[in-house]
>>> print(open('coords34.cif').read())   # mmCIF, C-alpha atoms and all ligand atoms
data_query
#
loop_
_atom_site.group_PDB
_atom_site.id
_atom_site.type_symbol
_atom_site.label_atom_id
_atom_site.label_comp_id
_atom_site.auth_asym_id
_atom_site.auth_seq_id
_atom_site.Cartn_x
_atom_site.Cartn_y
_atom_site.Cartn_z
ATOM 1 C CA MET A 27 65.004 47.836 175.627
ATOM 2 C CA GLN A 28 61.959 49.912 176.609
ATOM 3 C CA PHE A 29 61.879 53.685 176.292
ATOM 4 C CA SER A 30 60.930 55.949 179.144
ATOM 5 C CA SER A 31 58.606 57.787 176.753
ATOM 6 C CA ARG A 32 55.348 55.966 176.110
ATOM 7 C CA SER A 33 54.813 57.818 172.810
ATOM 8 C CA VAL A 34 58.246 56.871 171.474
ATOM 9 C CA GLU A 35 57.609 53.277 172.469
ATOM 10 C CA ASN A 36 54.250 53.387 170.617
ATOM 11 C CA LEU A 37 55.923 54.699 167.474
ATOM 12 C CA VAL A 38 58.583 51.980 167.614
ATOM 13 C CA GLU A 39 55.860 49.344 167.964
ATOM 14 C CA GLU A 40 53.964 50.753 164.966
ATOM 15 C CA PHE A 41 57.075 50.812 162.772
ATOM 16 C CA ALA A 42 57.974 47.280 163.840
ATOM 17 C CA LYS A 43 54.624 46.082 162.384
ATOM 18 C CA LEU A 44 55.692 47.167 158.887
ATOM 19 C CA PRO A 45 56.998 44.494 156.486
ATOM 20 C CA GLY A 46 60.749 44.099 156.582
ATOM 21 C CA ILE A 47 61.166 46.349 159.607
ATOM 22 C CA GLY A 48 62.684 44.744 162.677
ATOM 23 C CA ARG A 49 62.790 46.325 166.108
ATOM 24 C CA LYS A 50 66.240 47.845 165.529
ATOM 25 C CA SER A 51 65.151 49.562 162.318
ATOM 26 C CA ALA A 52 61.943 50.662 164.025
ATOM 27 C CA GLN A 53 64.003 52.368 166.741
ATOM 28 C CA ARG A 54 66.180 54.045 164.119
ATOM 29 C CA LEU A 55 63.132 55.406 162.292
ATOM 30 C CA ALA A 56 61.563 56.656 165.527
ATOM 31 C CA PHE A 57 64.731 58.490 166.527
ATOM 32 C CA TYR A 58 65.044 59.933 163.045
ATOM 33 C CA LEU A 59 61.538 61.401 163.371
ATOM 34 C CA LEU A 60 62.388 62.851 166.783
ATOM 35 C CA LYS A 61 65.393 64.577 165.267
ATOM 36 C CA ILE A 62 63.843 66.186 162.179
ATOM 37 C CA GLN A 63 61.738 69.361 161.969
ATOM 38 C CA ARG A 64 58.160 69.172 163.154
ATOM 39 C CA ASP A 65 56.770 70.082 159.675
ATOM 40 C CA GLU A 66 58.651 67.275 158.039
ATOM 41 C CA ALA A 67 57.445 64.673 160.515
ATOM 42 C CA VAL A 68 53.861 65.907 160.357
ATOM 43 C CA GLY A 69 54.131 65.837 156.540
ATOM 44 C CA LEU A 70 54.754 62.091 156.759
ATOM 45 C CA ALA A 71 51.785 61.623 159.089
ATOM 46 C CA ASP A 72 49.598 63.650 156.690
ATOM 47 C CA ALA A 73 50.750 61.621 153.696
ATOM 48 C CA ILE A 74 49.741 58.400 155.455
ATOM 49 C CA ARG A 75 46.371 59.873 156.403
ATOM 50 C CA ALA A 76 45.795 61.120 152.837
ATOM 51 C CA VAL A 77 46.324 57.726 151.186
ATOM 52 C CA LYS A 78 44.012 56.068 153.687
ATOM 53 C CA GLU A 79 41.314 58.697 153.128
ATOM 54 C CA GLN A 80 41.595 59.253 149.376
ATOM 55 C CA VAL A 81 42.707 56.001 147.829
ATOM 56 C CA ILE A 82 39.906 53.632 146.939
ATOM 57 C CA THR A 83 39.573 50.440 144.907
ATOM 58 C CA CYS A 84 38.638 50.721 141.223
ATOM 59 C CA THR A 85 35.308 48.922 140.895
ATOM 60 C CA VAL A 86 36.287 47.676 137.425
ATOM 61 C CA CYS A 87 39.828 46.330 137.792
ATOM 62 C CA GLY A 88 40.409 46.278 141.562
ATOM 63 C CA ASN A 89 43.505 48.459 141.453
ATOM 64 C CA PHE A 90 44.152 51.326 143.868
ATOM 65 C CA THR A 91 42.871 54.656 142.566
ATOM 66 C CA GLU A 92 41.583 58.040 143.640
ATOM 67 C CA ASP A 93 39.015 58.162 140.819
ATOM 68 C CA ASP A 94 36.660 55.329 140.006
ATOM 69 C CA PRO A 95 37.101 53.897 137.376
ATOM 70 C CA CYS A 96 40.875 54.306 137.475
ATOM 71 C CA LEU A 97 43.010 56.015 134.810
ATOM 72 C CA ILE A 98 43.884 52.737 133.057
ATOM 73 C CA CYS A 99 40.257 51.564 132.900
ATOM 74 C CA ARG A 100 39.207 54.961 131.501
ATOM 75 C CA ASP A 101 42.040 55.249 128.949
ATOM 76 C CA GLU A 102 40.327 55.105 125.547
ATOM 77 C CA ARG A 103 43.623 54.435 123.751
ATOM 78 C CA ARG A 104 44.169 51.121 125.555
ATOM 79 C CA PRO A 105 42.696 48.015 123.937
ATOM 80 C CA ARG A 106 39.637 46.702 125.801
ATOM 81 C CA ASP A 107 39.680 43.159 124.469
ATOM 82 C CA VAL A 108 42.693 41.899 126.472
ATOM 83 C CA ILE A 109 42.709 41.598 130.272
ATOM 84 C CA CYS A 110 45.903 40.866 132.183
ATOM 85 C CA VAL A 111 45.130 39.192 135.525
ATOM 86 C CA VAL A 112 47.567 39.877 138.365
ATOM 87 C CA GLU A 113 47.574 39.239 142.107
ATOM 88 C CA GLN A 114 48.364 42.666 143.546
ATOM 89 C CA PRO A 115 48.339 46.364 142.634
ATOM 90 C CA MET A 116 52.163 46.273 142.775
ATOM 91 C CA ASP A 117 52.084 43.773 139.897
ATOM 92 C CA VAL A 118 50.252 46.289 137.686
ATOM 93 C CA LEU A 119 53.182 48.654 138.200
ATOM 94 C CA ALA A 120 55.627 45.868 137.304
ATOM 95 C CA VAL A 121 53.781 44.925 134.097
ATOM 96 C CA GLU A 122 53.356 48.590 133.118
ATOM 97 C CA ALA A 123 57.075 49.224 133.712
ATOM 98 C CA SER A 124 57.967 46.251 131.501
ATOM 99 C CA GLY A 125 56.244 47.977 128.589
ATOM 100 C CA GLY A 126 55.197 44.561 127.300
ATOM 101 C CA PHE A 127 51.474 45.044 127.663
ATOM 102 C CA ARG A 128 48.784 47.434 126.497
ATOM 103 C CA GLY A 129 45.319 46.497 127.614
ATOM 104 C CA GLN A 130 43.187 46.219 130.700
ATOM 105 C CA TYR A 131 44.025 44.740 134.092
ATOM 106 C CA HIS A 132 42.221 42.680 136.667
ATOM 107 C CA VAL A 133 43.711 42.721 140.167
ATOM 108 C CA LEU A 134 42.731 39.694 142.236
ATOM 109 C CA ARG A 135 44.056 41.145 145.490
ATOM 110 C CA GLY A 136 45.409 37.754 146.479
ATOM 111 C CA ALA A 137 46.055 34.182 145.358
ATOM 112 C CA LEU A 138 44.434 30.913 146.356
ATOM 113 C CA ASN A 139 46.266 29.470 149.314
ATOM 114 C CA PRO A 140 44.663 26.623 151.283
ATOM 115 C CA LEU A 141 47.390 26.796 153.944
ATOM 116 C CA GLU A 142 46.457 30.386 154.692
ATOM 117 C CA ARG A 143 42.743 29.708 154.144
ATOM 118 C CA VAL A 144 42.486 31.954 151.104
ATOM 119 C CA GLY A 145 39.651 30.524 149.002
ATOM 120 C CA PRO A 146 37.894 31.494 145.749
ATOM 121 C CA ASP A 147 35.621 33.974 147.555
ATOM 122 C CA ASP A 148 38.625 35.817 148.978
ATOM 123 C CA ILE A 149 40.030 36.820 145.593
ATOM 124 C CA ARG A 150 38.280 38.875 142.910
ATOM 125 C CA ALA A 151 37.516 35.831 140.734
ATOM 126 C CA LYS A 152 33.755 36.386 140.426
ATOM 127 C CA GLU A 153 34.395 39.939 139.279
ATOM 128 C CA LEU A 154 36.650 38.604 136.508
ATOM 129 C CA VAL A 155 33.961 36.208 135.308
ATOM 130 C CA GLU A 156 31.477 39.099 135.286
ATOM 131 C CA ARG A 157 33.804 41.167 133.090
ATOM 132 C CA VAL A 158 34.227 38.301 130.642
ATOM 133 C CA LYS A 159 30.455 37.663 130.654
ATOM 134 C CA GLU A 160 29.830 41.272 129.654
ATOM 135 C CA GLY A 161 31.559 40.447 126.374
ATOM 136 C CA GLY A 162 34.153 42.157 124.213
ATOM 137 C CA VAL A 163 37.034 40.277 125.826
ATOM 138 C CA ARG A 164 39.115 38.271 123.353
ATOM 139 C CA GLU A 165 41.967 37.185 125.642
ATOM 140 C CA VAL A 166 42.598 36.799 129.377
ATOM 141 C CA ILE A 167 46.294 36.643 130.272
ATOM 142 C CA LEU A 168 46.954 34.926 133.602
ATOM 143 C CA ALA A 169 49.959 36.745 135.065
ATOM 144 C CA THR A 170 49.728 35.450 138.614
ATOM 145 C CA ASN A 171 53.067 34.764 140.293
ATOM 146 C CA PRO A 172 55.038 31.676 139.233
ATOM 147 C CA ASN A 173 54.896 30.132 142.711
ATOM 148 C CA PRO A 174 52.493 27.450 144.063
ATOM 149 C CA PRO A 175 49.641 29.810 145.073
ATOM 150 C CA GLY A 176 49.974 31.687 141.766
ATOM 151 C CA GLU A 177 49.936 28.459 139.739
ATOM 152 C CA VAL A 178 46.928 27.091 141.650
ATOM 153 C CA THR A 179 45.136 30.380 141.058
ATOM 154 C CA ALA A 180 45.940 30.362 137.327
ATOM 155 C CA HIS A 181 44.603 26.810 137.073
ATOM 156 C CA PHE A 182 41.435 27.689 138.939
ATOM 157 C CA LEU A 183 40.756 30.749 136.786
ATOM 158 C CA ALA A 184 41.422 28.855 133.549
ATOM 159 C CA GLU A 185 38.793 26.298 134.560
ATOM 160 C CA LEU A 186 36.388 29.012 135.598
ATOM 161 C CA LEU A 187 36.686 30.669 132.178
ATOM 162 C CA GLU A 188 36.575 27.446 130.168
ATOM 163 C CA SER A 189 32.923 27.759 129.197
ATOM 164 C CA PHE A 190 33.327 31.275 127.815
ATOM 165 C CA ASP A 191 34.319 32.241 124.309
ATOM 166 C CA VAL A 192 37.657 33.686 125.375
ATOM 167 C CA GLN A 193 41.281 32.708 124.835
ATOM 168 C CA VAL A 194 42.986 32.055 128.190
ATOM 169 C CA THR A 195 46.782 32.314 128.212
ATOM 170 C CA ARG A 196 49.473 31.976 130.889
ATOM 171 C CA ILE A 197 52.657 34.055 130.902
ATOM 172 C CA ALA A 198 55.815 32.110 130.076
ATOM 173 C CA ARG A 199 58.116 30.923 132.805
ATOM 174 C CA GLY A 200 60.667 33.621 132.131
ATOM 175 C CA VAL A 201 59.940 34.938 135.585
ATOM 176 C CA PRO A 202 62.140 33.080 138.088
ATOM 177 C CA VAL A 203 60.173 30.296 139.753
ATOM 178 C CA GLY A 204 59.074 31.206 143.240
ATOM 179 C CA GLY A 205 59.727 34.866 142.514
ATOM 180 C CA ASP A 206 57.180 37.611 142.665
ATOM 181 C CA LEU A 207 56.213 39.560 139.596
ATOM 182 C CA GLU A 208 56.998 42.796 141.334
ATOM 183 C CA TYR A 209 60.630 41.754 141.800
ATOM 184 C CA SER A 210 61.350 40.344 138.372
ATOM 185 C CA ASP A 211 63.262 42.640 136.067
ATOM 186 C CA GLN A 212 61.416 44.458 133.324
ATOM 187 C CA ALA A 213 62.995 42.671 130.348
ATOM 188 C CA THR A 214 62.263 39.238 131.856
ATOM 189 C CA LEU A 215 58.675 40.193 132.520
ATOM 190 C CA ALA A 216 58.251 41.578 129.002
ATOM 191 C CA ARG A 217 59.605 38.276 127.577
ATOM 192 C CA ALA A 218 57.298 36.262 129.852
ATOM 193 C CA MET A 219 54.357 38.278 128.547
ATOM 194 C CA GLU A 220 55.503 37.887 124.935
ATOM 195 C CA GLY A 221 55.958 34.124 125.313
ATOM 196 C CA ARG A 222 52.549 33.472 126.847
ATOM 197 C CA LYS A 223 50.876 30.222 125.867
ATOM 198 C CA PRO A 224 47.240 29.110 125.689
ATOM 199 C CA VAL A 225 46.187 27.196 128.782
ATOM 200 C CA GLU A 226 45.295 23.612 127.895
HETATM 201 ZN ZN ZN B 1 40.541 50.221 137.036
#
>>> encode(input="coords34.cif", output="C-alpha cells")
Amino acid sequence: MQFSSRSVENLVEEFAKLPGIGRKSAQRLAFYLLKIQRDEAVGLADAIRAVKEQVITCTVCGNFTEDDPCLICRDERRPRDVICVVEQPMDVLAVEASGGFRGQYHVLRGALNPLERVGPDDIRAKELVERVKEGGVREVILATNPNPPGEVTAHFLAELLESFDVQVTRIARGVPVGGDLEYSDQATLARAMEGRKPVE
C-alpha cells in the first residue's frame, strides 16, 4: 500500500531499512510519530543527528566514543597488559556487562568473511598488531564470535601475533555455537572468558 503523503511514504521507507523492521512495523512507527507531540518527534530526530555528529571512533581501541581516547582506554585503574579483541562495539557492552573482564579492548569492526568479501584490510587487524608492537601487552584474548567468520578471524589473528612475545588466548566455547556475543547471557560469557585457553 502506498500513502498519499510523499513524506509519510519516505519515513516508512527509511524505517524499513532498519534491521529487523519490516514494512508493517515501519508503517506502525511512522503512524506513531504522526500521532505524538511535535517536540517528542523532533527530539527523536535530534537524538539521531546528535549521535551522527558527536560520536566518533576511539583511535586506540576502535570503540564508539565522544572523547578520543575513550573512557575505557583512559581509565588508569584498568590493567593495560591484557587486550580483549571483539568484533563490534556491542560486544564491548556484552563483555563489560558480564563483569568477567578488566582490561583493554580492541574492536575489529567486523570479522573475516570471504563470502561477503571482508578481508584482512577491512578489519582493524593492523591496528591490533601496532598496539602489541608498542609493548606492554602480556595477553591478547580473542573474543570474536563462535561462528565461522569469528573462528576464521581468531585463527588469522593468532597467526598474525605468533612472532610477538605475547600470550594469545581464545575464549572457551561456553558461548552457544553460531551465537553472537552480544546475545549470550552474562554468566555464560563470564565463564567463556574465565575458561579461555592458549591458542596452539
Ligand atoms: Zn578506546
>>> closest_residue(input="coords34.cif", among="A:Thr91, A:Ser210, A:Ser51, A:Gln63", to="ligand ZN 1 (chain B)", atoms="only C-alpha atoms and all ligand atoms")
A:Thr91
>>> atom_distance(input="coords34.cif", atom1="atom CA of A:Gln130", atom2="atom CA of A:Asp211")
21.1 Å
>>> resolve_selection(input="coords34.cif", expression="the PyMOL selection byres (((chain A and resi 149-163) around 7) and not hetatm)", output="VMD selection string")
chain A and resid 106 to 108 132 134 to 137 146 to 148 164 to 165 187 192
>>> residues_near_ligand(input="coords34.cif", ligand="ligand ZN 1 (chain B)", cutoff="9 Å", atoms="all atoms listed in the file", output="ChimeraX atom specification")
/A:83-91,93-100,130-133
>>> resolve_selection(input="coords34.cif", expression="the PyMOL selection byres (((chain A and resi 55) around 12) and not hetatm)", output="MDAnalysis selection string")
chainID A and resid 34:35 37:42 44 47:54 56:62 67
>>> axis_aligned_box(input="coords34.cif", around="stretch 179-190 of chain A", padding_each_side="8 Å", output="AutoDock Vina command-line options")
--center_x 39.4 --center_y 28.8 --center_z 134.4 --size_x 29.0 --size_y 21.0 --size_z 29.2
>>> atom_distance(input="coords34.cif", atom1="atom CA of A:Leu183", atom2="atom CA of A:Leu168")
8.1 Å
>>> residues_around(input="coords34.cif", residues="A:Ala169", least_positions_apart="4", cutoff="6 Å", atoms="only C-alpha atoms", output="compact mmCIF listing (two decimals) with C-alpha atoms, keeping the file's coordinate frame")
# COMPACT_ATOMS: atom_id res chain seq x y z
CA VAL A 111 45.13 39.19 135.52
CA VAL A 112 47.57 39.88 138.36
CA ILE A 197 52.66 34.06 130.90
>>> residues_near_point(input="coords34.cif", point="(44.2, 27.4, 143.5)", cutoff="12 Å", atoms="all atoms listed in the file", output="PyMOL selection string")
chain A and resi 136-149+151+170-171+173-186
>>> atom_distance(input="coords34.cif", atom1="atom CA of A:Gly126", atom2="atom CA of A:Arg103")
15.6 Å
>>> residues_around(input="coords34.cif", residues="A:Arg128", least_positions_apart="4", cutoff="9 Å", atoms="all atoms listed in the file", output="compact mmCIF listing (two decimals) with C-alpha atoms, in the frame of the given file")
# COMPACT_ATOMS: atom_id res chain seq x y z
CA ARG A 104 44.17 51.12 125.56
CA PRO A 105 42.70 48.02 123.94
CA VAL A 108 42.69 41.90 126.47
CA GLU A 122 53.36 48.59 133.12
>>> closest_residue(input="coords34.cif", among="A:Ser124, A:Met116, A:Cys110, A:Ser189", to="A:Val166", atoms="all atoms listed in the file")
A:Cys110
>>> closest_residue(input="coords34.cif", among="A:Ile109, A:Gln114, A:Asp191, A:Leu207", to="A:Ile167", atoms="only C-alpha atoms")
A:Ile109
>>> closest_residue(input="coords34.cif", among="A:Glu79, A:Ala216, A:Asp206, A:Ala71", to="A:Glu113", atoms="all atoms listed in the file")
A:Asp206
>>> decode(input="coords34.cif", residues="stretch 63-173 of chain A", atoms="C-alpha atoms", output="PDB file, in the first residue's frame")
ATOM      1  CA  GLN A  63       3.548  15.733  20.011  1.00  0.00           C
ATOM      2  CA  ARG A  64       5.826  17.637  17.681  1.00  0.00           C
ATOM      3  CA  ASP A  65       8.510  18.119  20.407  1.00  0.00           C
ATOM      4  CA  GLU A  66       8.698  14.428  21.066  1.00  0.00           C
ATOM      5  CA  ALA A  67       9.107  13.529  17.408  1.00  0.00           C
ATOM      6  CA  VAL A  68      11.685  16.252  16.831  1.00  0.00           C
ATOM      7  CA  GLY A  69      13.512  15.020  19.960  1.00  0.00           C
ATOM      8  CA  LEU A  70      13.993  11.668  18.230  1.00  0.00           C
ATOM      9  CA  ALA A  71      15.260  13.357  15.068  1.00  0.00           C
ATOM     10  CA  ASP A  72      17.680  15.449  17.169  1.00  0.00           C
ATOM     11  CA  ALA A  73      18.942  12.386  19.026  1.00  0.00           C
ATOM     12  CA  ILE A  74      19.754  10.683  15.721  1.00  0.00           C
ATOM     13  CA  ARG A  75      21.506  13.802  14.446  1.00  0.00           C
ATOM     14  CA  ALA A  76      23.489  14.144  17.694  1.00  0.00           C
ATOM     15  CA  VAL A  77      24.933  10.618  17.600  1.00  0.00           C
ATOM     16  CA  LYS A  78      25.934  11.048  13.972  1.00  0.00           C
ATOM     17  CA  GLU A  79      27.611  14.389  14.697  1.00  0.00           C
ATOM     18  CA  GLN A  80      29.212  13.690  18.076  1.00  0.00           C
ATOM     19  CA  VAL A  81      30.095  10.028  18.175  1.00  0.00           C
ATOM     20  CA  ILE A  82      33.489   9.179  16.757  1.00  0.00           C
ATOM     21  CA  THR A  83      35.763   6.135  16.754  1.00  0.00           C
ATOM     22  CA  CYS A  84      38.376   5.818  19.509  1.00  0.00           C
ATOM     23  CA  THR A  85      41.727   5.853  17.720  1.00  0.00           C
ATOM     24  CA  VAL A  86      43.149   3.396  20.268  1.00  0.00           C
ATOM     25  CA  CYS A  87      40.527   0.657  20.610  1.00  0.00           C
ATOM     26  CA  GLY A  88      38.084   1.361  17.766  1.00  0.00           C
ATOM     27  CA  ASN A  89      35.039   1.638  20.003  1.00  0.00           C
ATOM     28  CA  PHE A  90      32.408   4.363  19.657  1.00  0.00           C
ATOM     29  CA  THR A  91      33.144   7.395  21.822  1.00  0.00           C
ATOM     30  CA  GLU A  92      32.613  11.124  22.103  1.00  0.00           C
ATOM     31  CA  ASP A  93      36.117  11.703  23.502  1.00  0.00           C
ATOM     32  CA  ASP A  94      39.250  10.273  21.962  1.00  0.00           C
ATOM     33  CA  PRO A  95      40.710   8.152  23.553  1.00  0.00           C
ATOM     34  CA  CYS A  96      37.533   6.685  25.027  1.00  0.00           C
ATOM     35  CA  LEU A  97      36.744   6.339  28.747  1.00  0.00           C
ATOM     36  CA  ILE A  98      37.933   2.715  28.914  1.00  0.00           C
ATOM     37  CA  CYS A  99      41.248   3.460  27.177  1.00  0.00           C
ATOM     38  CA  ARG A 100      41.833   6.409  29.535  1.00  0.00           C
ATOM     39  CA  ASP A 101      40.844   4.575  32.741  1.00  0.00           C
ATOM     40  CA  GLU A 102      44.052   4.360  34.789  1.00  0.00           C
ATOM     41  CA  ARG A 103      42.574   1.711  37.100  1.00  0.00           C
ATOM     42  CA  ARG A 104      42.151  -0.813  34.274  1.00  0.00           C
ATOM     43  CA  PRO A 105      45.089  -3.117  33.570  1.00  0.00           C
ATOM     44  CA  ARG A 106      46.921  -2.213  30.347  1.00  0.00           C
ATOM     45  CA  ASP A 107      48.627  -5.539  29.752  1.00  0.00           C
ATOM     46  CA  VAL A 108      45.534  -7.503  28.630  1.00  0.00           C
ATOM     47  CA  ILE A 109      43.597  -6.723  25.440  1.00  0.00           C
ATOM     48  CA  CYS A 110      40.255  -8.362  24.708  1.00  0.00           C
ATOM     49  CA  VAL A 111      39.589  -8.464  20.950  1.00  0.00           C
ATOM     50  CA  VAL A 112      35.945  -8.305  19.872  1.00  0.00           C
ATOM     51  CA  GLU A 113      34.144  -7.816  16.567  1.00  0.00           C
ATOM     52  CA  GLN A 114      31.752  -4.962  17.321  1.00  0.00           C
ATOM     53  CA  PRO A 115      31.175  -2.128  19.801  1.00  0.00           C
ATOM     54  CA  MET A 116      28.081  -4.024  21.021  1.00  0.00           C
ATOM     55  CA  ASP A 117      30.398  -6.846  22.117  1.00  0.00           C
ATOM     56  CA  VAL A 118      32.294  -4.470  24.428  1.00  0.00           C
ATOM     57  CA  LEU A 119      28.998  -3.790  26.192  1.00  0.00           C
ATOM     58  CA  ALA A 120      28.338  -7.536  26.470  1.00  0.00           C
ATOM     59  CA  VAL A 121      31.782  -8.297  27.934  1.00  0.00           C
ATOM     60  CA  GLU A 122      31.569  -5.314  30.306  1.00  0.00           C
ATOM     61  CA  ALA A 123      28.107  -6.433  31.469  1.00  0.00           C
ATOM     62  CA  SER A 124      29.436  -9.939  32.155  1.00  0.00           C
ATOM     63  CA  GLY A 125      31.846  -8.463  34.693  1.00  0.00           C
ATOM     64  CA  GLY A 126      34.360 -11.142  33.730  1.00  0.00           C
ATOM     65  CA  PHE A 127      36.992  -8.833  32.327  1.00  0.00           C
ATOM     66  CA  ARG A 128      39.054  -5.860  33.430  1.00  0.00           C
ATOM     67  CA  GLY A 129      41.496  -4.650  30.840  1.00  0.00           C
ATOM     68  CA  GLN A 130      41.640  -3.002  27.462  1.00  0.00           C
ATOM     69  CA  TYR A 131      39.609  -3.711  24.337  1.00  0.00           C
ATOM     70  CA  HIS A 132      40.283  -3.842  20.642  1.00  0.00           C
ATOM     71  CA  VAL A 133      37.231  -3.578  18.387  1.00  0.00           C
ATOM     72  CA  LEU A 134      37.800  -5.051  14.935  1.00  0.00           C
ATOM     73  CA  ARG A 135      34.598  -3.601  13.487  1.00  0.00           C
ATOM     74  CA  GLY A 136      33.986  -6.805  11.571  1.00  0.00           C
ATOM     75  CA  ALA A 137      35.109 -10.390  11.008  1.00  0.00           C
ATOM     76  CA  LEU A 138      36.826 -12.045   8.071  1.00  0.00           C
ATOM     77  CA  ASN A 139      34.222 -13.326   5.670  1.00  0.00           C
ATOM     78  CA  PRO A 140      35.287 -14.373   2.161  1.00  0.00           C
ATOM     79  CA  LEU A 141      31.655 -14.829   1.087  1.00  0.00           C
ATOM     80  CA  GLU A 142      30.954 -11.190   1.854  1.00  0.00           C
ATOM     81  CA  ARG A 143      34.400 -10.098   0.636  1.00  0.00           C
ATOM     82  CA  VAL A 144      35.559  -8.938   4.050  1.00  0.00           C
ATOM     83  CA  GLY A 145      39.347  -9.321   4.040  1.00  0.00           C
ATOM     84  CA  PRO A 146      42.186  -8.550   6.480  1.00  0.00           C
ATOM     85  CA  ASP A 147      42.316  -4.894   5.388  1.00  0.00           C
ATOM     86  CA  ASP A 148      38.631  -4.434   6.202  1.00  0.00           C
ATOM     87  CA  ILE A 149      39.012  -5.208   9.903  1.00  0.00           C
ATOM     88  CA  ARG A 150      41.227  -3.384  12.403  1.00  0.00           C
ATOM     89  CA  ALA A 151      43.876  -6.134  12.430  1.00  0.00           C
ATOM     90  CA  LYS A 152      46.873  -3.929  11.587  1.00  0.00           C
ATOM     91  CA  GLU A 153      45.933  -1.603  14.426  1.00  0.00           C
ATOM     92  CA  LEU A 154      45.994  -4.563  16.829  1.00  0.00           C
ATOM     93  CA  VAL A 155      49.471  -5.574  15.687  1.00  0.00           C
ATOM     94  CA  GLU A 156      50.617  -1.973  16.183  1.00  0.00           C
ATOM     95  CA  ARG A 157      49.323  -1.985  19.766  1.00  0.00           C
ATOM     96  CA  VAL A 158      51.119  -5.239  20.524  1.00  0.00           C
ATOM     97  CA  LYS A 159      54.303  -3.932  18.854  1.00  0.00           C
ATOM     98  CA  GLU A 160      54.276  -0.905  21.146  1.00  0.00           C
ATOM     99  CA  GLY A 161      54.877  -3.325  24.010  1.00  0.00           C
ATOM    100  CA  GLY A 162      53.457  -3.755  27.492  1.00  0.00           C
ATOM    101  CA  VAL A 163      50.857  -6.277  26.341  1.00  0.00           C
ATOM    102  CA  ARG A 164      51.095  -9.628  28.124  1.00  0.00           C
ATOM    103  CA  GLU A 165      47.929 -11.290  26.797  1.00  0.00           C
ATOM    104  CA  VAL A 166      45.561 -10.898  23.842  1.00  0.00           C
ATOM    105  CA  ILE A 167      42.189 -12.579  24.379  1.00  0.00           C
ATOM    106  CA  LEU A 168      40.401 -13.418  21.127  1.00  0.00           C
ATOM    107  CA  ALA A 169      36.702 -12.968  21.897  1.00  0.00           C
ATOM    108  CA  THR A 170      35.384 -12.962  18.350  1.00  0.00           C
ATOM    109  CA  ASN A 171      32.036 -14.696  17.877  1.00  0.00           C
ATOM    110  CA  PRO A 172      31.930 -18.507  17.972  1.00  0.00           C
ATOM    111  CA  ASN A 173      30.652 -18.771  14.395  1.00  0.00           C
TER     112      ASN A 173
END
